[in-house]
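Source file: query.txt. Holds: compact mmCIF, C-alpha atoms and all ligand atoms.
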# COMPACT_ATOMS: atom_id res chain seq x y z
CA MET A 153 33.89 107.31 36.73
CA THR A 154 31.94 104.39 38.15
CA ALA A 155 33.74 101.25 39.28
CA GLN A 156 32.47 98.10 37.54
CA SER A 157 31.99 94.73 39.14
CA ILE A 158 34.50 92.11 38.02
CA PRO A 159 32.99 88.69 37.17
CA ALA A 160 34.50 85.99 39.38
CA ASP A 161 35.54 83.79 36.46
CA LEU A 162 37.55 86.62 34.89
CA LEU A 163 39.38 87.33 38.13
CA LEU A 164 40.06 83.62 38.56
CA SER A 165 41.49 83.46 35.02
CA ALA A 166 43.77 86.38 35.79
CA ILE A 167 44.94 84.65 38.97
CA ARG A 168 45.60 81.43 37.04
CA GLU A 169 47.44 83.26 34.28
CA ALA A 170 49.67 84.88 36.88
CA GLY A 171 50.82 81.36 37.79
CA VAL A 172 49.39 81.38 41.32
CA GLN A 173 49.66 78.00 43.07
CA ASP A 174 48.32 78.83 46.53
CA VAL A 175 45.77 81.39 47.64
CA VAL A 176 46.34 82.22 51.31
CA LEU A 177 43.23 83.79 52.70
CA VAL A 178 40.95 85.08 55.36
CA PRO A 179 37.50 85.28 53.79
CA ASP A 180 36.60 88.59 52.16
CA THR A 181 32.86 89.16 51.87
CA HIS A 182 33.52 91.34 48.88
CA GLN A 183 35.22 88.61 46.83
CA ARG A 184 33.07 85.68 47.95
CA THR A 185 32.12 84.67 44.41
CA VAL A 186 35.82 84.32 43.59
CA LEU A 187 36.38 82.37 46.79
CA ASP A 188 33.66 79.91 45.82
CA LEU A 189 35.44 79.23 42.53
CA LEU A 190 38.87 79.03 44.16
CA MET A 191 37.77 76.47 46.70
CA ASP A 192 36.55 74.24 43.86
CA ASP A 193 39.63 74.77 41.70
CA ASP A 194 41.73 71.66 41.09
CA HIS A 195 44.97 73.49 40.41
CA ILE A 196 45.05 76.22 43.00
CA ARG A 197 45.31 75.27 46.66
CA THR A 198 43.61 77.47 49.25
CA VAL A 199 45.18 77.90 52.69
CA HIS A 200 42.67 79.18 55.23
CA CYS A 201 44.12 81.33 58.01
CA SER A 202 42.66 82.58 61.27
CA THR A 203 44.23 86.03 60.94
CA GLU A 204 45.78 88.12 58.20
CA ASP A 205 49.15 88.37 59.93
CA GLU A 206 49.24 84.57 59.78
CA ALA A 207 48.44 84.81 56.07
CA ILE A 208 51.51 86.97 55.52
CA ALA A 209 53.82 84.57 57.36
CA VAL A 210 52.32 81.54 55.60
CA SER A 211 52.84 83.26 52.24
CA ALA A 212 56.45 83.99 53.13
CA GLY A 213 57.02 80.37 54.11
CA LEU A 214 55.49 79.17 50.87
CA ILE A 215 57.82 81.46 48.92
CA ILE A 216 60.84 80.10 50.83
CA GLY A 217 59.67 76.61 49.90
CA GLY A 218 59.47 77.50 46.20
CA ARG A 219 55.75 78.10 45.73
CA ARG A 220 53.92 81.05 44.18
CA PRO A 221 51.25 82.22 46.63
CA MET A 222 48.80 85.10 46.53
CA MET A 223 47.02 86.55 49.55
CA GLN A 224 43.32 87.30 49.48
CA ILE A 225 41.95 89.43 52.33
CA GLN A 226 39.75 92.44 52.95
CA HIS A 227 40.67 95.97 53.95
CA ALA A 228 40.02 95.31 57.64
CA GLY A 229 42.54 92.48 57.38
CA LEU A 230 45.16 94.84 56.04
CA TYR A 231 44.82 96.96 59.16
CA ALA A 232 44.94 93.83 61.32
CA SER A 233 48.18 92.61 59.78
CA VAL A 234 50.44 95.64 59.85
CA ASN A 235 53.15 94.23 62.11
CA ASN A 236 53.71 91.17 59.95
CA LEU A 237 53.38 93.22 56.79
CA ARG A 238 56.28 95.28 58.09
CA GLY A 239 58.29 92.59 59.88
CA VAL A 240 57.86 89.84 57.28
CA GLY A 241 56.77 91.47 54.04
CA LEU A 242 58.98 94.55 54.10
CA ASP A 243 61.92 93.41 56.24
CA GLY A 244 62.00 90.02 54.52
CA GLN A 245 61.59 91.63 51.08
CA PHE A 246 59.08 88.92 50.18
CA PRO A 247 57.32 89.31 46.82
CA ILE A 248 53.83 88.89 48.28
CA VAL A 249 50.89 89.96 46.13
CA MET A 250 47.79 90.82 48.15
CA LEU A 251 44.31 90.96 46.68
CA ILE A 252 42.40 93.24 49.04
CA GLY A 253 38.63 93.79 48.84
CA LEU A 254 37.35 97.31 49.50
CA LEU A 255 34.08 96.13 51.00
CA GLY A 256 31.45 98.84 51.22
CA ARG A 257 33.18 101.26 48.89
CA ASP A 258 31.01 103.77 47.05
CA PRO A 259 31.73 102.89 43.38
CA GLU A 260 31.15 106.51 42.34
CA LEU A 261 33.94 107.86 44.54
CA GLU A 262 37.68 107.63 44.76
CA PRO A 263 38.45 105.44 47.80
CA GLU A 264 40.06 108.39 49.60
CA ALA A 265 36.75 110.29 49.46
CA ASP A 266 34.76 107.40 50.94
CA GLY A 267 32.79 107.86 54.13
CA SER A 268 34.10 104.57 55.55
CA SER A 269 37.45 104.71 57.30
CA MET A 270 38.09 101.13 56.23
CA VAL A 271 37.93 102.15 52.59
CA ARG A 272 39.40 105.62 52.92
CA LEU A 273 42.60 104.77 54.79
CA CYS A 274 43.64 101.79 52.71
CA ARG A 275 45.79 103.48 50.07
CA PRO A 276 47.28 106.07 52.46
CA LEU A 277 48.37 103.22 54.74
CA LEU A 278 49.92 101.28 51.87
CA GLU A 279 51.66 104.44 50.74
CA THR A 280 53.07 105.00 54.22
CA LEU A 281 54.43 101.47 54.14
CA GLY A 282 55.90 102.04 50.68
CA ILE A 283 53.77 99.30 49.14
CA PRO A 284 52.60 99.96 45.57
CA SER A 285 48.90 99.44 44.97
CA TYR A 286 46.60 99.20 41.96
CA LEU A 287 42.86 99.65 41.92
CA LEU A 288 40.89 97.00 40.05
CA ASP A 289 37.85 99.04 39.05
CA GLY A 290 36.55 96.71 36.36
CA PRO A 291 37.56 93.89 34.02
CA ASP A 292 39.82 96.24 32.04
CA ASP A 293 42.12 96.52 35.06
CA LEU A 294 42.83 92.79 35.35
CA HIS A 295 46.15 93.13 33.53
CA HIS A 296 47.44 94.48 36.87
CA VAL A 297 47.26 90.98 38.39
CA ALA A 298 50.13 89.40 36.46
CA ALA A 299 51.99 92.73 36.44
CA ALA A 300 51.82 92.85 40.25
CA PHE A 301 53.75 89.57 40.48
CA ASP A 302 56.44 90.92 38.16
CA GLU A 303 56.70 94.13 40.14
CA ALA A 304 56.81 92.31 43.50
CA ALA A 305 59.64 90.10 42.25
CA GLU A 306 61.55 93.01 40.74
CA ARG A 307 61.38 95.29 43.74
CA GLY A 308 61.55 92.56 46.36
CA GLY A 309 58.49 93.34 48.43
CA PRO A 310 54.71 93.25 48.68
CA VAL A 311 52.36 94.71 46.06
CA ALA A 312 48.63 95.32 46.70
CA LEU A 313 45.69 94.94 44.32
CA LEU A 314 42.51 96.60 45.55
CA VAL A 315 39.24 95.09 44.38
CA GLY A 316 37.09 98.17 43.92
CA THR A 317 33.57 96.72 44.00
CA THR A 318 31.99 93.42 44.92
CA THR A 319 32.81 90.68 42.42
CA SER A 320 29.90 89.15 40.52
CA MET B 121 52.18 95.44 91.91
CA THR B 122 52.41 92.13 90.10
CA ASP B 123 54.02 89.09 91.60
CA ARG B 124 56.85 88.32 89.19
CA THR B 125 57.73 84.99 90.72
CA PRO B 126 56.66 82.22 88.35
CA ASP B 127 54.55 79.59 90.02
CA ASN B 128 56.61 76.51 89.30
CA SER B 129 55.23 74.43 92.08
CA GLU B 130 52.80 72.40 90.00
CA VAL B 131 54.95 71.26 87.13
CA GLN B 132 58.43 69.83 86.71
CA ARG B 133 60.69 71.92 84.50
CA MET B 134 63.94 71.16 82.66
CA SER B 135 66.60 73.57 81.48
CA LEU B 136 66.15 75.04 78.01
CA GLU B 137 69.60 73.69 77.09
CA SER B 138 68.78 70.11 78.01
CA ALA B 139 65.46 70.31 76.14
CA LEU B 140 67.11 71.58 72.97
CA ASP B 141 69.92 69.02 73.25
CA VAL B 142 67.33 66.30 72.83
CA LEU B 143 66.10 67.90 69.61
CA ALA B 144 69.59 68.74 68.32
CA ARG B 145 70.56 65.05 68.51
CA ARG B 146 67.79 64.31 65.97
CA ARG B 147 68.65 67.17 63.64
CA GLU B 148 69.16 66.07 60.08
CA GLU B 149 67.84 68.00 57.08
CA GLN B 150 64.77 69.51 58.70
CA VAL B 151 63.97 73.17 58.20
CA VAL B 152 63.87 74.65 61.72
CA VAL B 153 62.28 77.99 62.56
CA GLY B 154 63.38 79.35 65.94
CA THR B 155 62.20 82.34 67.90
CA MET B 156 62.90 84.26 71.12
CA THR B 157 65.27 82.85 73.78
CA ALA B 158 65.21 79.36 72.29
CA ASN B 159 66.43 80.66 68.94
CA GLY B 160 69.86 81.77 70.16
CA VAL B 161 70.41 78.56 72.09
CA TRP B 162 69.22 76.46 69.15
CA ARG B 163 71.57 78.13 66.68
CA GLU B 164 74.50 77.27 68.92
CA LYS B 165 73.41 73.69 69.43
CA SER B 166 72.41 73.02 65.84
CA PRO B 167 74.06 75.39 63.37
CA HIS B 168 72.67 74.54 59.94
CA ASP B 169 71.96 76.18 56.60
CA LEU B 170 68.29 75.24 57.00
CA ASN B 171 67.77 77.29 60.18
CA LEU B 172 65.33 80.19 59.95
CA ALA B 173 64.38 82.67 62.67
CA CYS B 174 61.33 84.69 63.56
CA ILE B 175 62.78 87.94 64.86
CA GLY B 176 60.79 91.16 64.73
CA PHE B 177 57.37 89.66 64.10
CA MET B 178 56.47 88.06 67.41
CA GLY B 179 54.03 85.18 66.99
CA GLY B 180 54.86 84.52 63.36
CA ALA B 181 57.19 81.54 63.77
CA SER B 182 54.50 78.87 63.58
CA THR B 183 52.85 80.17 60.43
CA LEU B 184 56.15 80.89 58.68
CA ALA B 185 57.01 77.24 59.34
CA LEU B 186 53.56 76.18 58.16
CA GLY B 187 54.16 77.84 54.80
CA VAL B 188 57.46 76.00 54.37
CA ALA B 189 55.86 72.71 55.41
CA LEU B 190 53.06 73.11 52.87
CA ALA B 191 55.55 73.96 50.14
CA GLN B 192 57.88 71.07 51.00
CA PRO B 193 55.70 68.12 51.95
CA GLU B 194 58.59 65.65 51.67
CA ARG B 195 60.72 67.49 54.20
CA ASP B 196 60.17 67.74 57.93
CA VAL B 197 59.69 71.23 59.30
CA TRP B 198 60.12 72.08 62.97
CA VAL B 199 59.20 75.27 64.75
CA ILE B 200 60.58 76.10 68.19
CA ASP B 201 57.97 78.53 69.45
CA GLY B 202 57.67 80.62 72.62
CA ASP B 203 54.66 80.36 74.90
CA GLY B 204 54.09 84.12 74.82
CA SER B 205 54.59 84.11 71.06
CA LEU B 206 52.03 81.38 70.55
CA MET B 207 49.57 83.22 72.81
CA MET B 208 49.94 86.22 70.51
CA GLN B 209 48.78 84.26 67.44
CA LEU B 210 46.88 81.47 69.11
CA GLY B 211 44.59 81.12 66.11
CA SER B 212 47.56 79.61 64.29
CA LEU B 213 46.79 76.35 66.12
CA GLY B 214 43.55 76.15 64.17
CA THR B 215 45.22 77.24 60.95
CA ILE B 216 47.88 74.53 61.30
CA ALA B 217 45.40 71.85 62.30
CA GLY B 218 43.20 72.79 59.35
CA ALA B 219 46.05 72.64 56.84
CA ALA B 220 47.14 69.40 58.55
CA PRO B 221 50.72 69.05 57.27
CA ASN B 222 51.95 65.69 58.48
CA ASN B 223 55.57 66.89 58.26
CA PHE B 224 55.05 69.58 60.91
CA LEU B 225 56.46 69.53 64.45
CA HIS B 226 55.47 72.37 66.77
CA ILE B 227 57.69 72.65 69.82
CA VAL B 228 56.45 75.12 72.43
CA ILE B 229 58.94 76.31 75.02
CA HIS B 230 56.68 76.77 78.03
CA ASN B 231 58.77 78.82 80.43
CA GLY B 232 55.69 80.64 81.68
CA VAL B 233 57.15 84.08 81.04
CA TYR B 234 58.04 86.62 78.42
CA GLU B 235 61.69 85.96 79.10
CA THR B 236 63.13 88.03 76.26
CA SER B 237 61.39 91.21 77.38
CA GLY B 238 62.39 90.85 81.03
CA SER B 239 60.60 87.73 82.33
CA GLN B 240 57.19 89.26 82.90
CA PRO B 241 54.50 86.62 83.59
CA LEU B 242 52.22 85.44 80.82
CA PRO B 243 48.59 86.58 81.18
CA SER B 244 47.65 83.00 82.00
CA GLN B 245 50.06 82.93 84.95
CA GLN B 246 51.60 79.53 84.08
CA GLN B 247 48.35 77.69 83.75
CA VAL B 248 47.92 77.64 80.02
CA ASP B 249 48.26 74.17 78.52
CA PHE B 250 49.16 74.34 74.84
CA ALA B 251 49.03 70.57 74.38
CA ARG B 252 45.37 70.55 75.33
CA MET B 253 44.72 73.58 73.16
CA ALA B 254 46.40 71.92 70.18
CA GLU B 255 44.45 68.74 70.79
CA GLY B 256 41.27 70.78 70.82
CA ALA B 257 42.32 72.51 67.63
CA GLY B 258 42.79 69.17 65.89
CA TYR B 259 46.53 68.40 65.87
CA ALA B 260 47.24 64.76 65.10
CA GLN B 261 49.28 64.27 68.28
CA THR B 262 50.32 66.26 71.32
CA ALA B 263 52.61 65.64 74.28
CA SER B 264 54.14 67.48 77.23
CA PHE B 265 57.43 66.97 79.03
CA GLY B 266 59.13 68.57 81.99
CA ASP B 267 62.04 66.15 82.11
CA ALA B 268 64.70 65.90 79.40
CA GLU B 269 65.24 62.17 79.81
CA GLU B 270 61.56 61.43 79.45
CA PHE B 271 61.40 63.68 76.42
CA ASP B 272 64.41 61.90 74.94
CA ALA B 273 62.86 58.49 75.51
CA ALA B 274 59.58 59.43 73.82
CA LEU B 275 60.71 61.61 70.95
CA ASP B 276 61.58 59.02 68.29
CA GLU B 277 58.11 57.57 68.41
CA LEU B 278 56.54 61.02 68.22
CA LEU B 279 58.72 61.91 65.23
CA ALA B 280 57.84 58.72 63.42
CA ALA B 281 54.08 59.31 63.64
CA LYS B 282 52.14 61.62 61.36
CA GLY B 283 51.81 65.26 62.32
CA PRO B 284 50.91 67.94 62.87
CA THR B 285 52.43 67.29 66.28
CA LEU B 286 52.73 69.72 69.17
CA ILE B 287 55.18 69.04 71.98
CA GLN B 288 55.03 71.32 74.99
CA LEU B 289 58.32 71.53 76.86
CA TYR B 290 58.21 72.92 80.39
CA THR B 291 61.47 74.76 80.91
CA ARG B 292 62.93 76.87 83.67
CA PRO B 293 63.14 80.54 82.79
CA GLY B 294 66.78 81.60 82.58
CA GLY B 295 66.58 85.36 82.96
CA ARG B 296 67.90 85.93 79.44
CA PHE B 297 67.04 89.41 78.28
CA TYR B 298 67.58 90.96 74.88
CA SER B 299 67.42 94.57 73.92
CA ALA B 300 67.56 95.63 70.29
CA ARG B 301 70.56 97.61 69.11
CA PRO B 302 70.03 100.56 66.77
CA THR B 303 70.06 99.59 63.09
CA PRO B 304 72.22 101.75 60.85
CA PRO B 305 70.22 103.36 58.03
CA GLY B 306 70.28 101.62 54.67
CA ILE B 307 71.17 98.18 55.98
CA THR B 308 69.47 95.12 54.44
CA PRO B 309 67.24 93.66 57.17
CA ALA B 310 68.35 90.34 58.69
CA LEU B 311 65.31 88.45 57.43
CA ALA B 312 65.96 89.50 53.84
CA ARG B 313 69.49 88.11 54.14
CA MET B 314 68.45 84.96 55.95
CA TRP B 315 65.84 83.27 53.78
CA PRO B 316 67.18 83.36 50.19
CA PRO B 317 70.00 80.86 50.95
CA VAL B 318 67.43 78.56 52.59
CA ALA B 319 65.18 78.86 49.53
CA GLU B 320 68.15 78.07 47.29
CA ALA B 321 69.13 75.04 49.35
CA LEU B 322 65.56 73.73 49.20
CA ALA B 323 65.32 74.33 45.45
CA ALA B 324 68.62 72.53 44.83
CA ASP B 325 67.41 69.36 46.56
C1 LIG A 401 54.02 92.64 68.65
C2 LIG A 401 55.00 92.64 69.76
N1 LIG A 401 54.60 92.95 71.03
C3 LIG A 401 55.49 92.94 72.05
C4 LIG A 401 56.81 92.64 71.83
C5 LIG A 401 57.80 92.68 72.97
N2 LIG A 401 58.39 91.37 73.25
C6 LIG A 401 59.57 91.03 72.73
S1 LIG A 401 60.06 89.53 73.20
C7 LIG A 401 58.67 89.29 74.10
C8 LIG A 401 58.48 88.03 74.91
C9 LIG A 401 58.55 86.74 74.13
O1 LIG A 401 58.06 85.73 74.96
P1 LIG A 401 58.01 84.20 74.54
O2 LIG A 401 57.45 84.04 73.19
O3 LIG A 401 57.35 83.47 75.65
O4 LIG A 401 59.54 83.78 74.42
P2 LIG A 401 60.66 83.75 75.58
O5 LIG A 401 61.30 85.08 75.55
O6 LIG A 401 59.99 83.44 76.87
O7 LIG A 401 61.58 82.69 75.11
C10 LIG A 401 57.84 90.41 74.04
C11 LIG A 401 56.56 90.55 74.76
C12 LIG A 401 57.18 92.35 70.49
N3 LIG A 401 58.45 92.03 70.15
N4 LIG A 401 56.27 92.37 69.50
MG MG A 402 58.16 82.37 77.20
Go ahead and express the file in the form of structure tokens.
Amino acid sequence: MTAQSIPADLLLSAIREAGVQDVVLVPDTHQRTVLDLLMDDDHIRTVHCSTEDEAIAVSAGLIIGGRRPMMQIQHAGLYASVNNLRGVGLDGQFPIVMLIGLLGRDPELEPEADGSSMVRLCRPLLETLGIPSYLLDGPDDLHHVAAAFDEAAERGGPVALLVGTTTS
Amino acid sequence: MTDRTPDNSEVQRMSLESALDVLARRREEQVVVGTMTANGVWREKSPHDLNLACIGFMGGASTLALGVALAQPERDVWVIDGDGSLMMQLGSLGTIAGAAPNNFLHIVIHNGVYETSGSQPLPSQQQVDFARMAEGAGYAQTASFGDAEEFDAALDELLAAKGPTLIQLYTRPGGRFYSARPTPPGITPALARMWPPVAEALAAD
């Protein structure tokens, strides 16, 4: 299996169709083509954070205020944000959907077999935290985006979507 | 060995109670996020169904409040932050200034110490000036007070102007110390119980 690049406009459509109002982000190199579209989008607001733990707290605040946010970060940001992911996301039972770019992943390999610790440890960490995750390894996987919001709401907690290769 | 005595010689400091009294007198329907020692005192002075607390994710108060402020632009949102807490996520000053919510009031309780964990000194040893940092980050207005009467006299004007506003309040550390009790297994965490009623109250308005 080889992971396929997802065109930015398709990912943006999936984000729109999921009803996302705010994208709370720290730039992810891997999803930069999507970011370019998001920043020009008239309907979706982007909130730019200095750190990923801020992005989690901002997302939680937006949810309290009645909005539907989505986080967009990269794998390194997941590692950087663990205390807020636990203390806000899990303890607050906030339905936060996180779009996480697996920058540098070898598209021929399962992430767990990757030579990069940033790629390799992502799913095991999420599993340890009890956060469900779905790999977006091509346009056929985009149905997971809307489904992630449903699952996050149902279970009361974060759900992760892992962008398997650089968006085009 | 570290000198644990806070260097209070330079700046005038008020009691935390008198500082929060000034704010509590202006409390209406603002969402207020408290944290650390100020949170307990605030909840006594201003019990309200729109109080939220940052407990268990040190440093997250300001950005939790930012999210609420961005979601509810017609409603004022206050955060009562700790100096050590803000140091931990200092980048939030830039995040808040960038998002520029004009309904956002950032109160920083500058007691110069990590009071909750046993009054250890901050790395900056009292010198850090959050008002200047916020000004540098791009907040719309900043101010500092070490006297409750002066704070009281100036606050209405500060509240009337557009935010984001940061007010640094120099307070005397009070030696309050909190240690977490064990949590019984299977209990719903406090944060998960706290926010849904706030969300409901905001949605109903
Ligand atoms: C990530 C993290 N590191 C360390 C601690 C330990 N800790 C708990 S309270 C506290 C001090 C808080 O200081 P400040 O924000 O200045 O509030 P104050 O207690 O002075 O009101 C510290 C260091 C923690 N809770 N979380
Ligand atoms: Mg302090």
- Site check for ligand LIG 401 (chain A): residues at most 8 Å away, only C-alpha atoms and all ligand atoms, as a ChimeraX atom specification: /A:235 /B:155-158,175-179,201-208,229-239,242,293,296-298
Store the residues picked out above, limited to C-alpha atoms, as a PDB file, keeping the file's coordinate frame.
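Written output follows (result25.pdb):
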ATOM      1  CA  ASN A 235      53.150  94.230  62.110  1.00  0.00           C
TER       2      ASN A 235
ATOM      3  CA  THR B 155      62.200  82.340  67.900  1.00  0.00           C
ATOM      4  CA  MET B 156      62.900  84.260  71.120  1.00  0.00           C
ATOM      5  CA  THR B 157      65.270  82.850  73.780  1.00  0.00           C
ATOM      6  CA  ALA B 158      65.210  79.360  72.290  1.00  0.00           C
ATOM      7  CA  ILE B 175      62.780  87.940  64.860  1.00  0.00           C
ATOM      8  CA  GLY B 176      60.790  91.160  64.730  1.00  0.00           C
ATOM      9  CA  PHE B 177      57.370  89.660  64.100  1.00  0.00           C
ATOM     10  CA  MET B 178      56.470  88.060  67.410  1.00  0.00           C
ATOM     11  CA  GLY B 179      54.030  85.180  66.990  1.00  0.00           C
ATOM     12  CA  ASP B 201      57.970  78.530  69.450  1.00  0.00           C
ATOM     13  CA  GLY B 202      57.670  80.620  72.620  1.00  0.00           C
ATOM     14  CA  ASP B 203      54.660  80.360  74.900  1.00  0.00           C
ATOM     15  CA  GLY B 204      54.090  84.120  74.820  1.00  0.00           C
ATOM     16  CA  SER B 205      54.590  84.110  71.060  1.00  0.00           C
ATOM     17  CA  LEU B 206      52.030  81.380  70.550  1.00  0.00           C
ATOM     18  CA  MET B 207      49.570  83.220  72.810  1.00  0.00           C
ATOM     19  CA  MET B 208      49.940  86.220  70.510  1.00  0.00           C
ATOM     20  CA  ILE B 229      58.940  76.310  75.020  1.00  0.00           C
ATOM     21  CA  HIS B 230      56.680  76.770  78.030  1.00  0.00           C
ATOM     22  CA  ASN B 231      58.770  78.820  80.430  1.00  0.00           C
ATOM     23  CA  GLY B 232      55.690  80.640  81.680  1.00  0.00           C
ATOM     24  CA  VAL B 233      57.150  84.080  81.040  1.00  0.00           C
ATOM     25  CA  TYR B 234      58.040  86.620  78.420  1.00  0.00           C
ATOM     26  CA  GLU B 235      61.690  85.960  79.100  1.00  0.00           C
ATOM     27  CA  THR B 236      63.130  88.030  76.260  1.00  0.00           C
ATOM     28  CA  SER B 237      61.390  91.210  77.380  1.00  0.00           C
ATOM     29  CA  GLY B 238      62.390  90.850  81.030  1.00  0.00           C
ATOM     30  CA  SER B 239      60.600  87.730  82.330  1.00  0.00           C
ATOM     31  CA  LEU B 242      52.220  85.440  80.820  1.00  0.00           C
ATOM     32  CA  PRO B 293      63.140  80.540  82.790  1.00  0.00           C
ATOM     33  CA  ARG B 296      67.900  85.930  79.440  1.00  0.00           C
ATOM     34  CA  PHE B 297      67.040  89.410  78.280  1.00  0.00           C
ATOM     35  CA  TYR B 298      67.580  90.960  74.880  1.00  0.00           C
TER      36      TYR B 298
END
- Message: With only C-alpha atoms considered, list every residue of chain A at most 6 Å from chain B, as JSON, numbers by chain.
- Response: {"A": [201, 202, 206, 209, 210, 213, 214, 216, 217, 236, 239, 243, 244, 245]}
- Task: Can you pull out every residue within 12 Å of Val311 of chain A, counting all atoms listed in the file, but drop anything in the same chain fewer than 6 positions away, and send it as a ChimeraX atom specification?
- Result: /A:222-223,237,241-242,245-252,275,278-279,281-287,296-305
- Message: Excluding Glu269 of chain B and its own-chain neighbours fewer than 2 positions away, which residues fall within 10 Å of it when counting only C-alpha atoms? Please give them as a PyMOL selection string.
- Response: chain B and resi 134+138-139+142+265-267+271-275
- Query: Restricting the calculation to all atoms listed in the file, which member of B:Ala300, B:Ala268, B:Leu140, B:Ile287 is positioned closest to Ile227 of chain B?
  - Reply: B:Ile287
- Message: I'd like the interatomic distance between atom CA of Val199 of chain A and atom CA of Arg257 of chain A, to a tenth of an Å.
- Response: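 One can read the atom CA of Val199 of chain A to atom CA of Arg257 of chain A distance as 26.5 Å.
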- Item | Separation of atom CA of Ala173 of chain B from atom CA of Leu277 of chain A, in Å and rounded to one decimal |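 If I compute the distance from atom CA of Ala173 of chain B to atom CA of Leu277 of chain A, I get 27.2 Å.
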- Message: Could you list, as number ranges by chain, every residue within 9 Å of Gly267 of chain A, counting all atoms listed in the file and ignoring same-chain residues fewer than 4 positions away?
- Response: A: 257-258, 263, 271-272
Once 4 Å is added on each side, what centre and edge lengths in Å to one decimal does the axis-aligned box around all listed atoms of segment 309-318 of chain A have, as AutoDock Vina command-line options?
--center_x 45.2 --center_y 95.7 --center_z 46.3 --size_x 34.5 --size_y 12.9 --size_z 12.8
- Shortest interatomic distance to ligand MG 402 (chain A) - which of B:Pro167, B:Pro241, B:Pro221, B:Gly160, counting all atoms listed in the file: B:Pro241
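The coordinates place atom CA of Leu136 of chain B at 22.6 Å from atom CA of Pro284 of chain B.
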- Task: Select, from A:Leu230, A:Ile196, A:Ala212, A:Leu162, the residue with the minimum atom-to-atom distance to Gly309 of chain A, counting only C-alpha atoms.
- Result: A:Ala212
- Neighbour list for Ala144 of chain B as number ranges by chain, cut-off 12 Å, all atoms listed in the file, skip fewer than 5 positions in-chain: B: 137-139, 149-150, 152, 161-168, 171, 198, 200, 272, 275
File of the preceding selection, C-alpha atoms, as a PDB file, in the frame of the given file:
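The resulting file, selection11.pdb, is shown below:
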ATOM      1  CA  GLU B 137      69.600  73.690  77.090  1.00  0.00           C
ATOM      2  CA  SER B 138      68.780  70.110  78.010  1.00  0.00           C
ATOM      3  CA  ALA B 139      65.460  70.310  76.140  1.00  0.00           C
ATOM      4  CA  GLU B 149      67.840  68.000  57.080  1.00  0.00           C
ATOM      5  CA  GLN B 150      64.770  69.510  58.700  1.00  0.00           C
ATOM      6  CA  VAL B 152      63.870  74.650  61.720  1.00  0.00           C
ATOM      7  CA  VAL B 161      70.410  78.560  72.090  1.00  0.00           C
ATOM      8  CA  TRP B 162      69.220  76.460  69.150  1.00  0.00           C
ATOM      9  CA  ARG B 163      71.570  78.130  66.680  1.00  0.00           C
ATOM     10  CA  GLU B 164      74.500  77.270  68.920  1.00  0.00           C
ATOM     11  CA  LYS B 165      73.410  73.690  69.430  1.00  0.00           C
ATOM     12  CA  SER B 166      72.410  73.020  65.840  1.00  0.00           C
ATOM     13  CA  PRO B 167      74.060  75.390  63.370  1.00  0.00           C
ATOM     14  CA  HIS B 168      72.670  74.540  59.940  1.00  0.00           C
ATOM     15  CA  ASN B 171      67.770  77.290  60.180  1.00  0.00           C
ATOM     16  CA  TRP B 198      60.120  72.080  62.970  1.00  0.00           C
ATOM     17  CA  ILE B 200      60.580  76.100  68.190  1.00  0.00           C
ATOM     18  CA  ASP B 272      64.410  61.900  74.940  1.00  0.00           C
ATOM     19  CA  LEU B 275      60.710  61.610  70.950  1.00  0.00           C
TER      20      LEU B 275
END
- Within 7 Å of Leu225 of chain B, counting all atoms listed in the file, which residues qualify if same-chain residues fewer than 5 places away don't, as an MDAnalysis selection string? chainID B and resid 197:199 283:286
- Between B:Gln261, B:Asn223, B:Asn159, B:Ser299, single out the one closest to ligand MG 402 (chain A), counting all atoms listed in the file.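 Closest to ligand MG 402 (chain A), using all atoms listed in the file: B:Asn159.
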Is it possible to produce a file of segment 268-283 of chain B from this structure, with C-alpha atoms, as a PDB file, in the first residue's frame?
ATOM      1  CA  ALA B 268      -6.703  48.799  45.373  1.00  0.00           C
ATOM      2  CA  GLU B 269      -8.077  52.333  45.524  1.00  0.00           C
ATOM      3  CA  GLU B 270      -6.116  53.410  42.495  1.00  0.00           C
ATOM      4  CA  PHE B 271      -7.234  50.297  40.662  1.00  0.00           C
ATOM      5  CA  ASP B 272     -10.831  51.018  41.632  1.00  0.00           C
ATOM      6  CA  ALA B 273     -10.603  54.600  40.414  1.00  0.00           C
ATOM      7  CA  ALA B 274      -9.200  53.605  37.018  1.00  0.00           C
ATOM      8  CA  LEU B 275     -11.093  50.435  36.227  1.00  0.00           C
ATOM      9  CA  ASP B 276     -14.322  51.803  34.724  1.00  0.00           C
ATOM     10  CA  GLU B 277     -12.430  53.677  32.067  1.00  0.00           C
ATOM     11  CA  LEU B 278     -10.316  50.633  31.266  1.00  0.00           C
ATOM     12  CA  LEU B 279     -13.437  48.467  30.991  1.00  0.00           C
ATOM     13  CA  ALA B 280     -15.149  50.931  28.692  1.00  0.00           C
ATOM     14  CA  ALA B 281     -12.292  50.988  26.175  1.00  0.00           C
ATOM     15  CA  LYS B 282     -11.702  48.337  23.548  1.00  0.00           C
ATOM     16  CA  GLY B 283      -9.589  45.330  24.446  1.00  0.00           C
TER      17      GLY B 283
END
